[in-house]
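Before any comments, here is the structure.
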Amino acid sequence: MEASSNNSSNLASNVAQAIAVSLDWTSSPDARKAAVAFLESIKTGDVRVLANTAFLLVKKDWSSEIRLHAFKMLQHLVRLRWEELNPTEHRNFANVTVDLMSEIANPSEEWALKSQTAALVAEIVRSEGVNLWQELLPALVSLSAKGPIQAELVSMMLRWLPEDITVHNEDLEADRRRLLLRGLTLSLPEILPLLYTLLERHFGAALSEAGKQQVGLAKQHASAVTATLNAVNAYSEWAPLPDLAKYGIIHGCGFLLSSPDFRLHACEFFKLVSARKRHADTSTPEFDSAMSTVFHILMNASKELLHSSGVNAGAIDESNIEFAECLCESMVFLGSTNLQCIMGDSTALPLYLQQMLGFFQHQKLVLHFQSLHFWLALLRDLMSKPKAASNSSADGSDEADKEKQKILSFVNDDICSALLDVSFQRLLKREKILHGTSFSLGPLELWSDDVDSKGNFGQYRSKLLELIKFVTSYKPVIAGAKVSERIDTIIKSLLLSPMPSQDLAVMESMQSALENVVSTIFDGSNVIGGGHSEVQVGLCRIFEGLLHQLLSLNWTEPALAEVLGHYLGVMGPFLNYFPDAAGRVINKLFELLNSLPFAVKDPSTSSARYARLQICTSFIHIAKTADKSILPHMKGIADTMAYLQKEGRLLRGEHNLLGEAFLVMASAAGFQQQQEVLAWLLEPLSQQWTQIEWQNNYLSEPLGLVRLCVETPTMWSIFHCITFFEKALKRSGTRKTHLSSQNNSAASSTPLHPMASHLSWMLPPLPKLLRAIHSLWSPSVSQTLPGEMKAAMTMSDAEQYSLLGEGKPKLSKGTSTSGTGHLVTMSKEGYTEPNESDIRNWMKGIRDSGYNVLGLATTVGDSFYKCLDSHSVALALVENIQSMEFRHLRLLVHSVLIPLVKNCPVDLWEVWLEKLLHPLLLHSNQTLSCSWSSLLQEGRAKVPDAQAILAGTDSKVEVMEEKLLRDLTREICSLLSLIASPQLNTGLPSLEHSGQISRVDLSSLKALDSFASSSMVGFILKHQGLALPALQICLEAFKWTDGEAMPKVSVFCGALVVLAIFTNSMELQQFVAKDLFSAIIQGLALESNAFISADLVGHCRDIYIYLCDRHPAPREVLLSLPCIKQHDLLAFEEALTKTASPKEQKQYMKSLLLLATGNKLKALVAQKTVNVITNVTTKPRNTVNVAENRVDEGEVIGPAAIS
């Protein structure tokens, strides 16, 4: 016995020494590696030796680090090896651990050790089950009464215990969860009173000891209160709400809201409880009564908070802001989920709404932001139109509508006015307010760039605008009056300002609010469209007055004119109801346009040029929204455009924007009008575009583009031609038909498209131009280019910012987007010699718009295929694909090849697709494989774009390279997904998931070629040049760590599996049954594929069920896995035959794969992570349960491990 004891002590000493070495970073790598290996051998060795050794090492004789590690070892044993102990050993283990709780209840012990002890007891109960819990409960109650430290330990244990209930994971054992839930629920009459008693006892004791100046004892009692509140919060998510009320928990936490030391933790309880929804089987009166109590407690706390802080006066002390935010969140949850509980209280409901308005009006952004969610959800629900109800549910629907109307009756005019006032005020960003301007913020906290945790300003602003929309829909007259009143005030302030352009930010911020209000009121579906004459007259009078005020402004300064143009543009919907004003608005816009200089020699005019473009976009806005009220003025607009162009006072970019507005107007006038407008707008362009001279001069050989980029007028003229072609295709009714390629042929008749007759002259020069641009990147050409041209081929700052996810850099007023998203330096259209930036923007614009023109043209029936020769298009697009940068190749695939594949008639697949897809797939396979291999092995992607990135730190360049690789990967995989889409594979049989082990009749199998005309995947597989790279990409993708690309690849895999099942192609069966099956299993080893793992397991199930009897590979693949035995596979096959449920069969496959790989498939393990106790290593303020998916790696043993 003594020898055995010595052996145990010696082993414990050795383990302690190994722990010390493994944690000591001054140890040599070999020593640490040996120590870790030794510790691993202990963890995986004899389970009883592991238990004895760990129990020895948690004693006080050892250092804290060693004791903590020993606790980790014990938790590892309980979680993963508990079943290796017999029932008697289970009881002994539990008793020793409970005794540890008594021993560690010492003021000198570290908090981390206490929490680990409590966590271990909870883990044992969770593993052993209800019976042990019933045995331990009396002892724990008794222990908690011995003192504050013991009470803290018991509360910690109670906090961790229900985590299997609060953290939901479908892969956890449902039976175990149900048993634990049942046991804990039955124990609530003991647990909840105990928690209440501990709160009451130790809160009182903490106050008493503090009054006696016994600081140490007071802290111990306070720690017990905090631990008890954390335990209460663990039960607040699932314990029946009436029980929380019955046993005093709600009352106790409500009382603690007045305590500065504990109110934050107490408020966390109310935040969790407030979000609880009443279930159908819940006792409604008891639930509503308890929730009503919660309402009154929180409203009293809110009343005190709002009164002490004031809405417009003294700010909340920074030390209290976290509590204020938590309280506000609780109120938001309460109103969003349980407002029905105070519906019958005519006093409480309006008081609650007033308090939520108080939070919304609060100067603190964080409180306003939280309450915004409530008002948005409330009005969204109240203003939603009731769904058509069946007779059986009509009564319930009527009752719900009555409840909505009752709540709406309390959302009175004053509340709506206040919501609008605050929303208008907060549409402005703090950074927009210039120092020294007349606008003063006062104590109001506006949104600023410093706000990190609330998302971005764009998202916040969109929420405000949505709220404005709902309020406008409910109270249109108030919204109209309020927005008009605020704009009137702003305009008067600007008229009095010595520098109005500097005070313009407030006016700019209100444009979106005005647009929202006008579009909501005058959309034809609101009250004004219903013929309510009094409301209609009142609203028209309001906006007629506002429009008159806007038209009377004589603003000629560029910034002011630009804003005024925007304001006039958003009034378009109103012109439908006040068409007499349409002419005046159009004349005013032309007046603004003519008031601004268009000369380009003076750099100071760049802001004027930008403003002119923005005014032209206002024409587009009006054309979209004013509908037919603007049609009578089309001739006048055309005459003015012609006059300005003749006088040389309308530049091509401006003409294109006005032309786009014309196209929008024509779409409302009918097909004939569209054709006439297109002919009028395109005829001048066709005369230049179709001239053979410029094509011969600049496109006959690559260096011709160098000459073109010196001929500035021609260069920009070509640019504007192509961008307008793009606008014309987008605006002229491009039909978004989902015509099945199988049902269309090139010869079939297609519906007329307004642009169909123009493609014959528009398209032919474009491939030549794109071919010339592509050739610039080929090595033989690029090395002969002048320096400025080479510099223009590098990546712009804007592109680099985009790749880094840092947003767009600020553009100067002289730089604008061309209306199609291309950056154009405005001062360059006037024929000054272009520089590097201009050439870069020109090439980007030509490429972007040129690709879009080709892609859009494929949707215009068969015109595209008649106008162009597939050989010339292939030369243009893929001749120099080897030299293409990833950013350009991605765009080519997205904008041209995907639309072309989607719309190509089936009888032209042979003519078009092989020429285009073969070079693409071959190159993509080679370059993606190389780049991914570099990224995964060397940590850096090798991409051809690297030479285009001239600036930036190494880390930023690496980020950009990886982003470029992932973007191209996803686009290529999107193409594969499209190829496998149902609309392009109508002849593909459906794989019936009946659940039965299906043996396809071998006599019914077809040749693979028979699917080539009814399935694009079949067509791809028929052509070896397409099939080999496509299949290789498919296999390689399972090695790439890209969770967004894998779902797309999975679609392609699904089609391959179906074809393998229903065809007699031995080559395809071999590929699917062996190569694809193996690749999918390999892909499941990547955690990045966890999201799509269910689909991948489904493919494995299909392959095995349908092909294992026709091919030996599926069994061979499974038996080649490291941890599988023959009997495991036999048991799996037997289980498959006993269930008709595909879901169960997939679960069997998943379990087998995990077993066969020793739980190494991270995509599956990530979902199956055993639920463990978290956050036990530090003493956090907020210990609300958070589910964390972690995988045991190396030394760390589960999420309870100490880092």
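We name chains A, B, ... following the order of the structure tokens; residues begin at 1 in each chain, and ligands are numbered from 1 as shown.
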
Which neighbours of segment 906-915 of chain A fall inside 12 Å, counting only C-alpha atoms, when residues of the same chain fewer than 4 positions from it are skipped, and could you give them as an mmCIF file with N, CA, C and O atoms, in the first residue's frame?
```cif
data_model
loop_
_atom_site.group_PDB
_atom_site.id
_atom_site.type_symbol
_atom_site.label_atom_id
_atom_site.label_comp_id
_atom_site.auth_asym_id
_atom_site.auth_seq_id
_atom_site.Cartn_x
_atom_site.Cartn_y
_atom_site.Cartn_z
ATOM 1 N N LEU A 739 -35.876 32.197 -69.596
ATOM 2 C CA LEU A 739 -36.138 31.217 -70.644
ATOM 3 C C LEU A 739 -35.179 30.061 -70.495
ATOM 4 O O LEU A 739 -33.973 30.247 -70.378
ATOM 5 N N SER A 740 -35.701 28.903 -70.517
ATOM 6 C CA SER A 740 -34.855 27.718 -70.446
ATOM 7 C C SER A 740 -34.098 27.561 -71.752
ATOM 8 O O SER A 740 -34.663 27.631 -72.829
ATOM 9 N N SER A 741 -32.808 27.393 -71.598
ATOM 10 C CA SER A 741 -31.997 27.266 -72.809
ATOM 11 C C SER A 741 -32.411 26.053 -73.626
ATOM 12 O O SER A 741 -32.254 26.029 -74.835
ATOM 13 N N GLN A 742 -32.944 25.070 -72.930
ATOM 14 C CA GLN A 742 -33.319 23.873 -73.656
ATOM 15 C C GLN A 742 -34.532 24.107 -74.552
ATOM 16 O O GLN A 742 -34.752 23.389 -75.512
ATOM 17 N N ASN A 743 -35.337 25.077 -74.210
ATOM 18 C CA ASN A 743 -36.554 25.312 -74.971
ATOM 19 C C ASN A 743 -36.395 26.427 -75.985
ATOM 20 O O ASN A 743 -37.339 26.825 -76.648
ATOM 21 N N ASN A 744 -35.193 26.978 -76.067
ATOM 22 C CA ASN A 744 -34.956 28.051 -77.028
ATOM 23 C C ASN A 744 -33.883 27.623 -78.012
ATOM 24 O O ASN A 744 -32.925 26.963 -77.658
ATOM 25 N N SER A 745 -34.008 28.034 -79.199
ATOM 26 C CA SER A 745 -32.949 27.836 -80.179
ATOM 27 C C SER A 745 -32.663 29.165 -80.828
ATOM 28 O O SER A 745 -33.434 30.105 -80.711
ATOM 29 N N ALA A 746 -31.545 29.237 -81.505
ATOM 30 C CA ALA A 746 -31.167 30.500 -82.129
ATOM 31 C C ALA A 746 -32.171 30.905 -83.179
ATOM 32 O O ALA A 746 -32.322 32.083 -83.473
ATOM 33 N N ALA A 747 -32.857 29.969 -83.730
ATOM 34 C CA ALA A 747 -33.793 30.290 -84.801
ATOM 35 C C ALA A 747 -35.185 30.582 -84.286
ATOM 36 O O ALA A 747 -36.043 31.011 -85.034
ATOM 37 N N SER A 748 -35.419 30.318 -83.004
ATOM 38 C CA SER A 748 -36.769 30.504 -82.498
ATOM 39 C C SER A 748 -37.100 31.974 -82.407
ATOM 40 O O SER A 748 -36.251 32.824 -82.204
ATOM 41 N N ASP A 862 -32.152 36.336 -79.591
ATOM 42 C CA ASP A 862 -31.038 35.721 -80.316
ATOM 43 C C ASP A 862 -30.211 36.747 -81.076
ATOM 44 O O ASP A 862 -29.323 36.393 -81.846
ATOM 45 N N PHE A 864 -27.921 38.811 -80.139
ATOM 46 C CA PHE A 864 -26.506 38.785 -79.779
ATOM 47 C C PHE A 864 -25.762 37.749 -80.631
ATOM 48 O O PHE A 864 -24.679 38.012 -81.157
ATOM 49 N N TYR A 865 -26.344 36.574 -80.754
ATOM 50 C CA TYR A 865 -25.668 35.468 -81.428
ATOM 51 C C TYR A 865 -25.668 35.639 -82.945
ATOM 52 O O TYR A 865 -24.838 35.060 -83.635
ATOM 53 N N LYS A 866 -26.605 36.446 -83.473
ATOM 54 C CA LYS A 866 -26.631 36.729 -84.904
ATOM 55 C C LYS A 866 -25.629 37.820 -85.278
ATOM 56 O O LYS A 866 -25.100 37.838 -86.382
ATOM 57 N N LEU A 868 -22.737 38.606 -83.729
ATOM 58 C CA LEU A 868 -21.335 38.351 -83.430
ATOM 59 C C LEU A 868 -20.942 36.943 -83.830
ATOM 60 O O LEU A 868 -21.762 36.018 -83.786
ATOM 61 N N ASP A 869 -19.691 36.808 -84.178
ATOM 62 C CA ASP A 869 -19.116 35.511 -84.505
ATOM 63 C C ASP A 869 -18.447 34.960 -83.249
ATOM 64 O O ASP A 869 -17.677 35.658 -82.581
ATOM 65 N N SER A 870 -18.736 33.712 -82.909
ATOM 66 C CA SER A 870 -18.207 33.143 -81.669
ATOM 67 C C SER A 870 -16.680 33.145 -81.668
ATOM 68 O O SER A 870 -16.053 33.320 -80.613
ATOM 69 N N HIS A 871 -16.082 32.968 -82.826
ATOM 70 C CA HIS A 871 -14.614 32.944 -82.888
ATOM 71 C C HIS A 871 -14.033 34.306 -82.522
ATOM 72 O O HIS A 871 -13.067 34.398 -81.749
ATOM 73 N N SER A 872 -14.614 35.371 -83.060
ATOM 74 C CA SER A 872 -14.095 36.714 -82.760
ATOM 75 C C SER A 872 -14.319 37.064 -81.291
ATOM 76 O O SER A 872 -13.468 37.725 -80.662
ATOM 77 N N VAL A 873 -15.429 36.635 -80.723
ATOM 78 C CA VAL A 873 -15.683 36.899 -79.303
ATOM 79 C C VAL A 873 -14.697 36.124 -78.443
ATOM 80 O O VAL A 873 -14.151 36.657 -77.460
ATOM 81 N N ALA A 874 -14.438 34.880 -78.812
ATOM 82 C CA ALA A 874 -13.477 34.084 -78.054
ATOM 83 C C ALA A 874 -12.080 34.697 -78.121
ATOM 84 O O ALA A 874 -11.360 34.755 -77.111
ATOM 85 N N LEU A 875 -11.683 35.182 -79.308
ATOM 86 C CA LEU A 875 -10.393 35.853 -79.429
ATOM 87 C C LEU A 875 -10.328 37.074 -78.517
ATOM 88 O O LEU A 875 -9.326 37.325 -77.849
ATOM 89 N N ALA A 876 -11.399 37.835 -78.512
ATOM 90 C CA ALA A 876 -11.430 39.067 -77.721
ATOM 91 C C ALA A 876 -11.356 38.782 -76.231
ATOM 92 O O ALA A 876 -10.652 39.466 -75.487
ATOM 93 N N LEU A 877 -12.069 37.754 -75.784
ATOM 94 C CA LEU A 877 -12.232 37.549 -74.346
ATOM 95 C C LEU A 877 -11.182 36.637 -73.728
ATOM 96 O O LEU A 877 -10.750 36.868 -72.601
ATOM 97 N N VAL A 878 -10.779 35.581 -74.438
ATOM 98 C CA VAL A 878 -9.917 34.593 -73.780
ATOM 99 C C VAL A 878 -8.594 34.337 -74.494
ATOM 100 O O VAL A 878 -7.815 33.483 -74.065
ATOM 101 N N GLU A 879 -8.322 35.060 -75.566
ATOM 102 C CA GLU A 879 -7.048 34.877 -76.259
ATOM 103 C C GLU A 879 -5.876 35.128 -75.317
ATOM 104 O O GLU A 879 -4.876 34.405 -75.324
ATOM 105 N N LEU A 897 -19.399 36.017 -69.089
ATOM 106 C CA LEU A 897 -19.507 34.579 -69.309
ATOM 107 C C LEU A 897 -20.696 33.956 -68.579
ATOM 108 O O LEU A 897 -21.380 33.082 -69.133
ATOM 109 N N ILE A 898 -20.968 34.391 -67.373
ATOM 110 C CA ILE A 898 -22.131 33.838 -66.666
ATOM 111 C C ILE A 898 -23.433 34.201 -67.380
ATOM 112 O O ILE A 898 -24.274 33.315 -67.617
ATOM 113 N N PRO A 899 -23.666 35.471 -67.776
ATOM 114 C CA PRO A 899 -24.882 35.747 -68.560
ATOM 115 C C PRO A 899 -24.920 34.987 -69.887
ATOM 116 O O PRO A 899 -25.984 34.529 -70.309
ATOM 117 N N LEU A 900 -23.767 34.849 -70.552
ATOM 118 C CA LEU A 900 -23.750 34.159 -71.834
ATOM 119 C C LEU A 900 -24.110 32.687 -71.664
ATOM 120 O O LEU A 900 -24.908 32.132 -72.432
ATOM 121 N N VAL A 901 -23.534 32.046 -70.651
ATOM 122 C CA VAL A 901 -23.855 30.643 -70.395
ATOM 123 C C VAL A 901 -25.329 30.489 -70.031
ATOM 124 O O VAL A 901 -26.016 29.566 -70.483
ATOM 125 N N LYS A 902 -25.828 31.410 -69.234
ATOM 126 C CA LYS A 902 -27.213 31.338 -68.773
ATOM 127 C C LYS A 902 -28.208 31.489 -69.913
ATOM 128 O O LYS A 902 -29.268 30.845 -69.935
ATOM 129 N N PRO A 919 -10.717 27.478 -72.617
ATOM 130 C CA PRO A 919 -9.558 28.242 -72.133
ATOM 131 C C PRO A 919 -9.766 28.736 -70.699
ATOM 132 O O PRO A 919 -8.818 28.761 -69.904
ATOM 133 N N LEU A 920 -11.001 29.140 -70.383
ATOM 134 C CA LEU A 920 -11.276 29.656 -69.042
ATOM 135 C C LEU A 920 -11.065 28.583 -67.979
ATOM 136 O O LEU A 920 -10.353 28.807 -66.994
ATOM 137 N N LEU A 921 -11.689 27.429 -68.145
ATOM 138 C CA LEU A 921 -11.598 26.377 -67.136
ATOM 139 C C LEU A 921 -10.185 25.840 -67.024
ATOM 140 O O LEU A 921 -9.695 25.563 -65.918
ATOM 141 N N LEU A 922 -9.512 25.694 -68.155
ATOM 142 C CA LEU A 922 -8.134 25.190 -68.145
ATOM 143 C C LEU A 922 -7.224 26.146 -67.376
ATOM 144 O O LEU A 922 -6.456 25.728 -66.491
ATOM 145 N N ILE A 979 -23.837 26.275 -64.157
ATOM 146 C CA ILE A 979 -23.841 25.167 -65.113
ATOM 147 C C ILE A 979 -24.698 24.008 -64.592
ATOM 148 O O ILE A 979 -25.357 23.310 -65.366
ATOM 149 N N GLN A 983 -32.442 25.188 -64.237
ATOM 150 C CA GLN A 983 -32.931 25.723 -65.507
ATOM 151 C C GLN A 983 -32.053 25.333 -66.694
ATOM 152 O O GLN A 983 -32.498 25.369 -67.837
ATOM 153 N N LEU A 984 -30.805 24.979 -66.434
ATOM 154 C CA LEU A 984 -29.917 24.541 -67.515
ATOM 155 C C LEU A 984 -29.754 23.023 -67.543
ATOM 156 O O LEU A 984 -28.942 22.499 -68.307
ATOM 157 N N ASN A 985 -30.520 22.330 -66.716
ATOM 158 C CA ASN A 985 -30.420 20.866 -66.646
ATOM 159 C C ASN A 985 -31.803 20.245 -66.523
ATOM 160 O O ASN A 985 -32.055 19.394 -65.659
ATOM 161 N N THR A 986 -32.696 20.672 -67.395
ATOM 162 C CA THR A 986 -34.080 20.205 -67.301
ATOM 163 C C THR A 986 -34.206 18.714 -67.567
ATOM 164 O O THR A 986 -35.186 18.089 -67.157
ATOM 165 N N ALA A 1012 -26.506 15.327 -73.172
ATOM 166 C CA ALA A 1012 -25.730 16.494 -73.598
ATOM 167 C C ALA A 1012 -26.593 17.631 -74.119
ATOM 168 O O ALA A 1012 -26.155 18.788 -74.118
ATOM 169 N N SER A 1013 -27.802 17.331 -74.589
ATOM 170 C CA SER A 1013 -28.655 18.399 -75.125
ATOM 171 C C SER A 1013 -29.716 18.863 -74.142
ATOM 172 O O SER A 1013 -30.438 19.828 -74.405
ATOM 173 N N SER A 1014 -29.839 18.183 -73.003
ATOM 174 C CA SER A 1014 -30.858 18.574 -72.024
ATOM 175 C C SER A 1014 -30.272 18.889 -70.659
ATOM 176 O O SER A 1014 -30.976 19.245 -69.737
ATOM 177 N N SER A 1015 -28.959 18.757 -70.552
ATOM 178 C CA SER A 1015 -28.271 19.051 -69.297
ATOM 179 C C SER A 1015 -26.918 19.665 -69.621
ATOM 180 O O SER A 1015 -26.103 19.049 -70.317
ATOM 181 N N MET A 1016 -26.671 20.857 -69.112
ATOM 182 C CA MET A 1016 -25.389 21.487 -69.417
ATOM 183 C C MET A 1016 -24.241 20.748 -68.741
ATOM 184 O O MET A 1016 -23.129 20.711 -69.271
ATOM 185 N N VAL A 1017 -24.499 20.152 -67.574
ATOM 186 C CA VAL A 1017 -23.446 19.336 -66.960
ATOM 187 C C VAL A 1017 -23.136 18.148 -67.862
ATOM 188 O O VAL A 1017 -21.969 17.784 -68.062
ATOM 189 N N GLY A 1018 -24.189 17.543 -68.438
ATOM 190 C CA GLY A 1018 -23.976 16.462 -69.402
ATOM 191 C C GLY A 1018 -23.191 16.930 -70.607
ATOM 192 O O GLY A 1018 -22.309 16.214 -71.114
ATOM 193 N N PHE A 1019 -23.472 18.142 -71.075
ATOM 194 C CA PHE A 1019 -22.741 18.717 -72.202
ATOM 195 C C PHE A 1019 -21.263 18.901 -71.842
ATOM 196 O O PHE A 1019 -20.372 18.584 -72.643
ATOM 197 N N ILE A 1020 -20.994 19.413 -70.657
ATOM 198 C CA ILE A 1020 -19.614 19.615 -70.213
ATOM 199 C C ILE A 1020 -18.871 18.280 -70.158
ATOM 200 O O ILE A 1020 -17.727 18.156 -70.624
ATOM 201 N N LEU A 1021 -19.536 17.267 -69.603
ATOM 202 C CA LEU A 1021 -18.877 15.967 -69.450
ATOM 203 C C LEU A 1021 -18.644 15.287 -70.786
ATOM 204 O O LEU A 1021 -17.739 14.451 -70.926
ATOM 205 N N LYS A 1022 -19.463 15.616 -71.782
ATOM 206 C CA LYS A 1022 -19.302 15.027 -73.114
ATOM 207 C C LYS A 1022 -18.013 15.499 -73.768
ATOM 208 O O LYS A 1022 -17.404 14.775 -74.571
ATOM 209 N N HIS A 1023 -17.580 16.717 -73.447
ATOM 210 C CA HIS A 1023 -16.393 17.305 -74.074
ATOM 211 C C HIS A 1023 -15.216 17.215 -73.099
ATOM 212 O O HIS A 1023 -15.193 17.905 -72.073
ATOM 213 N N GLN A 1024 -14.289 16.377 -73.420
ATOM 214 C CA GLN A 1024 -13.173 16.124 -72.498
ATOM 215 C C GLN A 1024 -12.409 17.391 -72.154
ATOM 216 O O GLN A 1024 -11.966 17.577 -71.026
ATOM 217 N N GLY A 1025 -12.256 18.278 -73.136
ATOM 218 C CA GLY A 1025 -11.524 19.519 -72.884
ATOM 219 C C GLY A 1025 -12.191 20.387 -71.840
ATOM 220 O O GLY A 1025 -11.520 21.167 -71.151
ATOM 221 N N LEU A 1026 -13.512 20.288 -71.710
ATOM 222 C CA LEU A 1026 -14.247 21.028 -70.675
ATOM 223 C C LEU A 1026 -14.314 20.225 -69.382
ATOM 224 O O LEU A 1026 -14.207 20.779 -68.285
ATOM 225 N N ALA A 1027 -14.529 18.919 -69.533
ATOM 226 C CA ALA A 1027 -14.783 18.089 -68.364
ATOM 227 C C ALA A 1027 -13.569 17.993 -67.443
ATOM 228 O O ALA A 1027 -13.699 18.160 -66.220
#
```

Can you pull out every residue within 12 Å of Leu889 of chain A, counting only C-alpha atoms, but drop anything in the same chain fewer than 3 positions away, and send it as a VMD selection string? chain A and resid 774 847 to 848 851 877 to 878 880 to 886 892 to 897 919 to 921 923 to 924 927 to 928 943 to 945 964 to 965 967 to 972

Generate the output file for the selected residues, N, CA and C atoms, as a compact mmCIF listing (two decimals), in the first residue's frame.
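Produced file again_7.txt, reproduced below:
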```
# COMPACT_ATOMS: atom_id res chain seq x y z
N HIS A 774 -7.17 43.82 -73.59
CA HIS A 774 -6.63 42.60 -72.99
C HIS A 774 -5.19 42.35 -73.41
N ARG A 847 -13.56 48.63 -69.87
CA ARG A 847 -13.66 47.22 -69.51
C ARG A 847 -14.99 46.93 -68.79
N ASP A 848 -15.31 47.72 -67.77
CA ASP A 848 -16.52 47.47 -66.99
C ASP A 848 -17.78 47.59 -67.86
N TYR A 851 -17.85 44.95 -70.80
CA TYR A 851 -18.30 43.64 -70.33
C TYR A 851 -19.81 43.65 -70.09
N LEU A 877 -12.07 37.75 -75.78
CA LEU A 877 -12.23 37.55 -74.35
C LEU A 877 -11.18 36.64 -73.73
N VAL A 878 -10.78 35.58 -74.44
CA VAL A 878 -9.92 34.59 -73.78
C VAL A 878 -8.59 34.34 -74.49
N ASN A 880 -5.99 36.18 -74.51
CA ASN A 880 -4.90 36.54 -73.61
C ASN A 880 -5.25 36.22 -72.15
N ILE A 881 -6.03 35.18 -71.96
CA ILE A 881 -6.47 34.87 -70.59
C ILE A 881 -5.30 34.50 -69.69
N GLN A 882 -4.22 33.95 -70.26
CA GLN A 882 -3.05 33.60 -69.47
C GLN A 882 -2.40 34.82 -68.82
N SER A 883 -2.62 35.99 -69.43
CA SER A 883 -1.99 37.22 -68.92
C SER A 883 -2.94 38.05 -68.05
N MET A 884 -4.16 37.57 -67.90
CA MET A 884 -5.15 38.36 -67.17
C MET A 884 -4.88 38.36 -65.67
N GLU A 885 -5.10 39.51 -65.07
CA GLU A 885 -5.04 39.58 -63.61
C GLU A 885 -6.35 39.04 -63.04
N PHE A 886 -6.28 38.60 -61.80
CA PHE A 886 -7.46 37.98 -61.18
C PHE A 886 -8.65 38.93 -61.13
N LEU A 892 -14.72 39.51 -65.89
CA LEU A 892 -15.10 38.90 -67.17
C LEU A 892 -16.09 37.75 -66.95
N VAL A 893 -15.79 36.90 -65.98
CA VAL A 893 -16.68 35.77 -65.69
C VAL A 893 -18.04 36.26 -65.21
N HIS A 894 -18.01 37.21 -64.30
CA HIS A 894 -19.25 37.70 -63.69
C HIS A 894 -20.15 38.43 -64.69
N SER A 895 -19.56 39.32 -65.47
CA SER A 895 -20.35 40.23 -66.31
C SER A 895 -20.65 39.68 -67.69
N VAL A 896 -19.79 38.80 -68.22
CA VAL A 896 -19.99 38.32 -69.59
C VAL A 896 -20.29 36.82 -69.64
N LEU A 897 -19.40 36.02 -69.09
CA LEU A 897 -19.51 34.58 -69.31
C LEU A 897 -20.70 33.96 -68.58
N PRO A 919 -10.72 27.48 -72.62
CA PRO A 919 -9.56 28.24 -72.13
C PRO A 919 -9.77 28.74 -70.70
N LEU A 920 -11.00 29.14 -70.38
CA LEU A 920 -11.28 29.66 -69.04
C LEU A 920 -11.06 28.58 -67.98
N LEU A 921 -11.69 27.43 -68.14
CA LEU A 921 -11.60 26.38 -67.14
C LEU A 921 -10.19 25.84 -67.02
N HIS A 923 -7.33 27.44 -67.71
CA HIS A 923 -6.49 28.43 -67.03
C HIS A 923 -6.87 28.54 -65.55
N SER A 924 -8.15 28.55 -65.26
CA SER A 924 -8.60 28.70 -63.87
C SER A 924 -8.12 27.53 -63.02
N THR A 927 -4.23 28.11 -62.48
CA THR A 927 -3.82 29.27 -61.69
C THR A 927 -4.41 29.24 -60.28
N LEU A 928 -5.65 28.78 -60.13
CA LEU A 928 -6.24 28.71 -58.79
C LEU A 928 -5.52 27.66 -57.95
N VAL A 943 -0.63 35.79 -56.85
CA VAL A 943 -1.61 36.22 -57.84
C VAL A 943 -0.95 37.13 -58.86
N PRO A 944 -1.40 37.10 -60.10
CA PRO A 944 -0.78 37.97 -61.11
C PRO A 944 -1.00 39.44 -60.85
N ASP A 945 -1.97 39.78 -60.03
CA ASP A 945 -2.25 41.20 -59.74
C ASP A 945 -1.17 41.83 -58.87
N LEU A 964 -8.21 38.88 -53.64
CA LEU A 964 -8.31 38.67 -55.08
C LEU A 964 -8.48 37.19 -55.41
N LEU A 965 -7.72 36.34 -54.71
CA LEU A 965 -7.81 34.90 -54.94
C LEU A 965 -9.20 34.38 -54.56
N ASP A 967 -12.02 36.04 -54.30
CA ASP A 967 -13.06 36.58 -55.19
C ASP A 967 -13.13 35.81 -56.50
N LEU A 968 -11.97 35.53 -57.09
CA LEU A 968 -11.98 34.77 -58.35
C LEU A 968 -12.46 33.34 -58.11
N THR A 969 -12.01 32.75 -57.01
CA THR A 969 -12.45 31.39 -56.69
C THR A 969 -13.97 31.31 -56.61
N ARG A 970 -14.57 32.26 -55.93
CA ARG A 970 -16.02 32.25 -55.75
C ARG A 970 -16.75 32.47 -57.07
N GLU A 971 -16.15 33.28 -57.95
CA GLU A 971 -16.80 33.54 -59.24
C GLU A 971 -16.74 32.31 -60.13
N ILE A 972 -15.60 31.64 -60.16
CA ILE A 972 -15.49 30.41 -60.96
C ILE A 972 -16.44 29.35 -60.41
```

May I ask for the distance between atom CA of Val411 of chain A and atom CA of Phe374 of chain A, given in Å to one decimal place? 13.1 Å
